[in-house]
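Asker: As input, take protein-v4.txt (compact mmCIF, C-alpha atoms):
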```
# COMPACT_ATOMS: atom_id res chain seq x y z
CA MET D 45 -11.13 -7.91 -8.10
CA ALA D 46 -11.71 -5.45 -10.95
CA GLY D 47 -12.89 -2.63 -8.71
CA HIS D 48 -10.13 -3.26 -6.20
CA SER D 49 -7.45 -3.17 -8.91
CA LYS D 50 -8.90 0.01 -10.34
CA TRP D 51 -8.82 1.61 -6.89
CA ALA D 52 -5.17 0.56 -6.50
CA GLN D 53 -4.35 2.48 -9.70
CA ILE D 54 -6.28 5.54 -8.52
CA LYS D 55 -4.42 5.43 -5.18
CA HIS D 56 -1.10 5.28 -7.04
CA LYS D 57 -2.00 8.42 -9.01
CA LYS D 58 -3.27 10.17 -5.86
CA ALA D 59 0.03 9.40 -4.13
CA LYS D 60 1.86 11.58 -6.65
CA VAL D 61 -0.44 14.49 -5.83
CA ASP D 62 -0.11 13.88 -2.09
CA ALA D 63 3.66 13.90 -2.45
CA GLN D 64 3.48 17.47 -3.68
CA LYS D 65 1.77 18.42 -0.44
CA GLY D 66 4.55 16.87 1.61
CA LYS D 67 2.23 14.66 3.66
CA LEU D 68 3.23 11.45 1.89
CA PHE D 69 6.90 12.30 2.35
CA ALA D 70 6.40 12.54 6.11
CA LYS D 71 4.80 9.06 6.21
CA LEU D 72 7.47 7.55 4.00
CA ILE D 73 10.26 9.02 6.11
CA ARG D 74 8.65 7.55 9.23
CA GLU D 75 8.54 4.10 7.62
CA ILE D 76 12.17 4.41 6.51
CA GLN D 77 13.23 5.38 10.03
CA VAL D 78 11.38 2.51 11.69
CA ALA D 79 12.61 -0.02 9.12
CA ALA D 80 16.21 1.15 9.52
CA ARG D 81 15.99 1.09 13.32
CA ILE D 82 14.56 -2.45 13.36
CA GLY D 83 16.59 -4.11 10.60
CA GLY D 84 19.67 -1.96 10.13
CA PRO D 85 20.72 0.69 7.59
CA ASP D 86 21.71 -1.60 4.69
CA PRO D 87 18.76 -2.10 2.30
CA GLU D 88 20.46 -5.16 0.79
CA LEU D 89 20.22 -6.89 4.17
CA ASN D 90 16.94 -5.26 5.26
CA PRO D 91 13.98 -6.10 2.95
CA ARG D 92 11.60 -3.80 4.80
CA LEU D 93 13.97 -0.85 4.37
CA ARG D 94 14.50 -1.71 0.71
CA LEU D 95 10.75 -1.61 0.09
CA ALA D 96 10.41 1.65 2.03
CA ILE D 97 13.15 3.20 -0.10
CA ASP D 98 11.50 1.91 -3.30
CA ARG D 99 8.21 3.53 -2.28
CA ALA D 100 9.98 6.77 -1.46
CA ARG D 101 11.80 6.83 -4.80
CA ALA D 102 8.52 6.06 -6.63
CA ALA D 103 7.10 9.18 -4.96
CA ASN D 104 10.10 11.18 -6.23
CA MET D 105 11.64 11.71 -2.81
CA PRO D 106 15.22 13.03 -3.12
CA MET D 107 17.91 10.51 -2.18
CA ASP D 108 19.36 13.04 0.28
CA ASN D 109 16.12 12.92 2.28
CA ILE D 110 16.20 9.12 2.34
CA GLU D 111 19.84 8.92 3.45
CA ARG D 112 19.27 11.58 6.12
CA ALA D 113 16.29 9.63 7.52
CA ILE D 114 18.35 6.42 7.72
CA LYS D 115 21.25 8.17 9.45
CA LYS D 116 18.97 9.81 12.00
CA ALA D 117 17.21 6.53 12.79
CA THR D 118 20.34 4.41 13.13
CA GLY D 119 21.98 7.17 15.14
CA GLY D 120 19.18 6.94 17.68
CA GLU D 121 17.81 10.40 16.93
CA GLU D 122 14.56 9.48 15.17
CA GLY D 123 12.13 6.61 14.87
CA ALA D 124 12.83 5.16 18.31
CA GLY D 125 9.45 6.16 19.68
CA TYR D 126 7.31 4.66 16.92
CA GLU D 127 5.67 1.25 16.97
CA GLU D 128 3.46 -0.51 14.46
CA ALA D 129 -0.18 -0.94 15.39
CA ILE D 130 -2.72 -2.69 13.14
CA TYR D 131 -6.45 -2.01 13.48
CA GLU D 132 -9.22 -4.18 12.06
CA GLY D 133 -12.89 -3.47 11.49
CA TYR D 134 -15.70 -3.10 9.00
CA GLY D 135 -16.85 -0.30 6.73
CA PRO D 136 -20.14 0.43 4.92
CA GLY D 137 -21.61 -2.59 3.14
CA GLY D 138 -19.77 -5.04 5.42
CA VAL D 139 -16.38 -4.37 3.79
CA ALA D 140 -13.44 -5.70 5.83
CA ILE D 141 -10.77 -3.09 6.58
CA MET D 142 -7.22 -3.33 7.93
CA ILE D 143 -5.41 -0.14 8.96
CA VAL D 144 -1.64 -0.21 9.45
CA THR D 145 -0.20 2.61 11.56
CA LEU D 146 3.14 3.77 12.95
CA THR D 147 2.50 5.65 16.16
CA ASP D 148 4.25 7.13 19.17
CA ASN D 149 0.95 7.32 21.08
CA LYS D 150 -1.31 4.30 20.62
CA ASN D 151 -4.17 5.75 22.69
CA ARG D 152 -4.31 8.81 20.43
CA THR D 153 -4.17 6.73 17.27
CA THR D 154 -6.85 4.30 18.46
CA GLY D 155 -9.17 7.20 19.21
CA GLU D 156 -8.60 8.81 15.83
CA VAL D 157 -9.14 5.57 13.90
CA ARG D 158 -12.30 4.73 15.85
CA HIS D 159 -13.69 8.24 15.30
CA VAL D 160 -13.20 8.08 11.51
CA LEU D 161 -14.68 4.59 11.23
CA THR D 162 -17.75 5.59 13.22
CA LYS D 163 -18.22 8.86 11.31
CA TYR D 164 -18.50 7.04 7.98
CA GLY D 165 -20.61 4.09 9.03
CA GLY D 166 -17.92 1.62 10.06
CA ASN D 167 -16.84 0.07 13.32
CA LEU D 168 -13.61 -0.99 14.99
CA GLY D 169 -13.21 -4.68 15.80
CA LYS D 170 -10.82 -6.77 17.86
CA SER D 171 -7.48 -8.11 16.65
CA GLY D 172 -8.07 -11.01 14.25
CA THR D 173 -11.54 -9.84 13.24
CA VAL D 174 -10.72 -9.49 9.54
CA ALA D 175 -7.02 -10.34 9.14
CA TRP D 176 -7.90 -13.85 7.94
CA GLN D 177 -9.62 -12.32 4.91
CA PHE D 178 -6.30 -11.01 3.52
CA SER D 179 -3.11 -12.65 2.24
CA GLU D 180 0.29 -11.00 2.18
CA LYS D 181 1.48 -10.78 -1.42
CA GLY D 182 3.82 -8.87 -3.66
CA VAL D 183 2.08 -6.69 -6.25
CA ILE D 184 3.94 -5.12 -9.17
CA TYR D 185 2.61 -2.72 -11.82
CA VAL D 186 4.30 -2.55 -15.22
CA GLU D 187 3.35 0.22 -17.65
CA ARG D 188 1.63 -1.13 -20.76
CA GLU D 189 3.00 1.49 -23.14
CA GLY D 190 5.76 -0.10 -25.20
CA ALA D 191 5.49 -3.43 -23.35
CA ASN D 192 4.18 -6.51 -25.14
CA GLU D 193 1.75 -8.46 -22.97
CA ASP D 194 3.09 -11.91 -23.89
CA GLU D 195 6.68 -10.83 -23.24
CA VAL D 196 5.85 -9.32 -19.84
CA LEU D 197 3.88 -12.41 -18.87
CA ALA D 198 6.72 -14.73 -19.95
CA VAL D 199 9.35 -12.85 -17.93
CA ALA D 200 7.11 -12.62 -14.87
CA ALA D 201 6.13 -16.30 -15.02
CA ASP D 202 9.72 -17.50 -15.46
CA ALA D 203 10.74 -15.46 -12.39
CA GLY D 204 7.98 -17.01 -10.25
CA ALA D 205 4.91 -14.75 -10.60
CA GLU D 206 1.65 -16.14 -9.25
CA ASP D 207 -1.01 -14.13 -11.13
CA PHE D 208 -1.20 -11.66 -14.03
CA LYS D 209 -3.89 -9.13 -14.99
CA THR D 210 -4.08 -6.68 -17.89
CA LEU D 211 -5.50 -3.33 -16.76
CA SER D 212 -6.30 -0.18 -18.73
CA ASP D 213 -2.79 1.31 -18.57
CA SER D 214 -0.68 -1.30 -16.81
CA TYR D 215 -0.07 -4.98 -16.12
CA GLU D 216 -0.73 -6.10 -12.54
CA ILE D 217 1.53 -8.96 -11.43
CA THR D 218 0.99 -10.78 -8.13
CA THR D 219 3.70 -12.83 -6.44
CA GLU D 220 4.37 -14.74 -3.27
CA VAL D 221 6.32 -12.59 -0.80
CA LYS D 222 9.45 -14.71 -1.22
CA SER D 223 9.36 -14.26 -5.03
CA PHE D 224 8.64 -10.52 -5.08
CA GLY D 225 12.22 -9.31 -5.33
CA ALA D 226 13.18 -11.80 -8.03
CA VAL D 227 10.13 -11.02 -10.19
CA LYS D 228 10.59 -7.25 -9.88
CA ALA D 229 14.31 -7.50 -10.68
CA ALA D 230 13.62 -9.73 -13.70
CA LEU D 231 11.07 -7.31 -15.13
CA GLU D 232 13.40 -4.34 -14.69
CA ALA D 233 16.34 -6.27 -16.17
CA ALA D 234 14.20 -7.07 -19.22
CA GLY D 235 13.67 -3.35 -19.77
CA PHE D 236 10.06 -3.05 -18.68
CA LYS D 237 9.03 0.07 -16.76
CA VAL D 238 7.88 -0.89 -13.26
CA SER D 239 5.69 1.98 -12.08
CA SER D 240 5.27 0.57 -8.57
CA GLY D 241 5.83 -2.56 -6.54
CA GLU D 242 5.29 -3.44 -2.90
CA ILE D 243 4.46 -6.11 -0.37
CA THR D 244 0.80 -5.62 0.43
CA ARG D 245 -2.29 -7.39 1.74
CA VAL D 246 -4.57 -8.73 -0.99
CA PRO D 247 -8.17 -9.73 -0.16
CA LYS D 248 -9.02 -13.40 -0.63
CA ASN D 249 -12.59 -12.44 -1.58
CA THR D 250 -14.30 -9.13 -2.27
CA VAL D 251 -17.61 -7.56 -1.26
CA ARG D 252 -19.45 -5.68 -4.02
CA VAL D 253 -20.72 -2.27 -2.95
CA SER D 254 -22.42 0.53 -4.85
CA GLY D 255 -24.60 3.58 -4.32
CA ARG D 256 -24.48 5.25 -0.91
CA ASP D 257 -22.29 2.50 0.59
CA ALA D 258 -19.68 2.97 -2.13
CA GLU D 259 -19.59 6.73 -1.63
CA ARG D 260 -19.24 6.45 2.15
CA LEU D 261 -16.62 3.72 1.85
CA LEU D 262 -14.34 5.81 -0.38
CA LYS D 263 -14.76 8.81 1.94
CA LEU D 264 -13.87 6.55 4.87
CA ILE D 265 -10.69 5.31 3.19
CA ASP D 266 -9.69 8.86 2.25
CA ALA D 267 -10.26 10.05 5.82
CA LEU D 268 -8.23 7.20 7.28
CA GLU D 269 -5.35 7.87 4.90
CA GLU D 270 -5.37 11.53 5.94
CA LEU D 271 -4.52 10.56 9.52
CA ASP D 272 -0.85 11.27 10.21
CA ASP D 273 -0.21 7.89 11.87
CA VAL D 274 -1.84 5.77 9.14
CA GLN D 275 0.61 4.18 6.71
CA ASP D 276 -1.66 1.84 4.71
CA VAL D 277 -5.34 0.94 4.45
CA TYR D 278 -6.52 -2.39 3.00
CA ALA D 279 -10.14 -3.22 2.17
CA ASN D 280 -11.87 -6.13 0.41
CA PHE D 281 -14.31 -4.14 -1.70
CA ASP D 282 -15.33 -4.45 -5.34
CA ILE D 283 -16.99 -1.38 -6.83
CA PRO D 284 -18.10 -1.40 -10.49
CA GLU D 285 -15.54 0.61 -12.48
CA GLU D 286 -18.11 3.06 -13.81
CA VAL D 287 -19.24 3.83 -10.26
CA LEU D 288 -15.66 4.08 -9.00
CA GLU D 289 -14.66 6.49 -11.76
CA ALA D 290 -17.69 8.67 -11.05
CA LEU D 291 -16.84 8.86 -7.35
CA ALA D 292 -13.04 9.15 -7.55
```
If you convert what's in this file into structure tokens, what do you get?
Answerer:
Amino acid sequence: MAGHSKWAQIKHKKAKVDAQKGKLFAKLIREIQVAARIGGPDPELNPRLRLAIDRARAANMPMDNIERAIKKATGGEEGAGYEEAIYEGYGPGGVAIMIVTLTDNKNRTTGEVRHVLTKYGGNLGKSGTVAWQFSEKGVIYVEREGANEDEVLAVAADAGAEDFKTLSDSYEITTEVKSFGAVKAALEAAGFKVSSGEITRVPKNTVRVSGRDAERLLKLIDALEELDDVQDVYANFDIPEEVLEALA
């Protein structure tokens, strides 16, 4: 999982750059609108909306933008035409890939996803092809600076955390979905700086790739994330950190 965790950190840093371009904001607003339309405008009663707002705030989106998106969605003006579509397939080196989209035109989105997969040596599979290789989990990152490892671990464990890893600049804490909110709240209440936290899909096993496969795989993931309808991309790869850093 070392390569996968390292890639998660790189993606988090890239998200801040993407936010400056405005593209990430557009995707986050779409998720907020759909979440509000489906589960209502109160984040305390709508876990999906609460997570969408957390992601938006982590990307430094102004609260005015968030509130405007919720009002538009619950007023029937926005978000009504979008539906979630999940695509499954394989990338270079036999890496399993799940692509989560929000789309108002599934035929267009399917064509775009298939084109990108094919271009970079992957292929689109049927529903259920790779989903079994991932588990839905909560993942929280706490900044290491000023945070004692034993203290962070103790707070996380007491709140119900499932796994704990020490990375180069952060602590990675994995939880069951039902425990995510409690663990995140406990860490924040203890004064630790949570740099990000979300419900995600974690691979049960990873496939090690390097060389040409690694290069094409990272280009594939980047290209998928550039698609307007794509919200998240999950893959079960493990790339040696030195290779990943050279390619990132």
Asker: What does the structure give for the distance between atom CA of D:Gly155 and atom CA of D:Asp273, in Å to one decimal?
Answerer: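 Between atom CA of D:Gly155 and atom CA of D:Asp273 the gap works out to 11.6 Å.
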Asker: Out of D:Lys67, D:Lys163, D:Lys237, D:Arg245, which residue has the shortest atom-to-atom distance to D:Ile265 when counting all atoms listed in the file?
Answerer: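 Closest residue, counting all atoms listed in the file: D:Lys163.
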Asker: Tell me which of D:Ala290, D:Ala234, D:Ile143, D:Val174 sits closest to D:Ala267, counting all atoms listed in the file.
Answerer: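 Ranked by minimum distance to D:Ala267, first place goes to D:Ile143.
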Asker: For D:Val160, which of D:Tyr278, D:Tyr134, D:Tyr185, D:Phe178 is the closest residue, counting all atoms listed in the file?
Answerer: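 Closest to D:Val160, using all atoms listed in the file: D:Tyr134.
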Asker: Of the residues D:Asn149, D:Ser212, D:Thr154, D:Ser240, which is the one nearest to D:Asp98, using all atoms listed in the file?
Answerer: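 Using all atoms listed in the file, D:Asp98 sits closest to D:Ser240.
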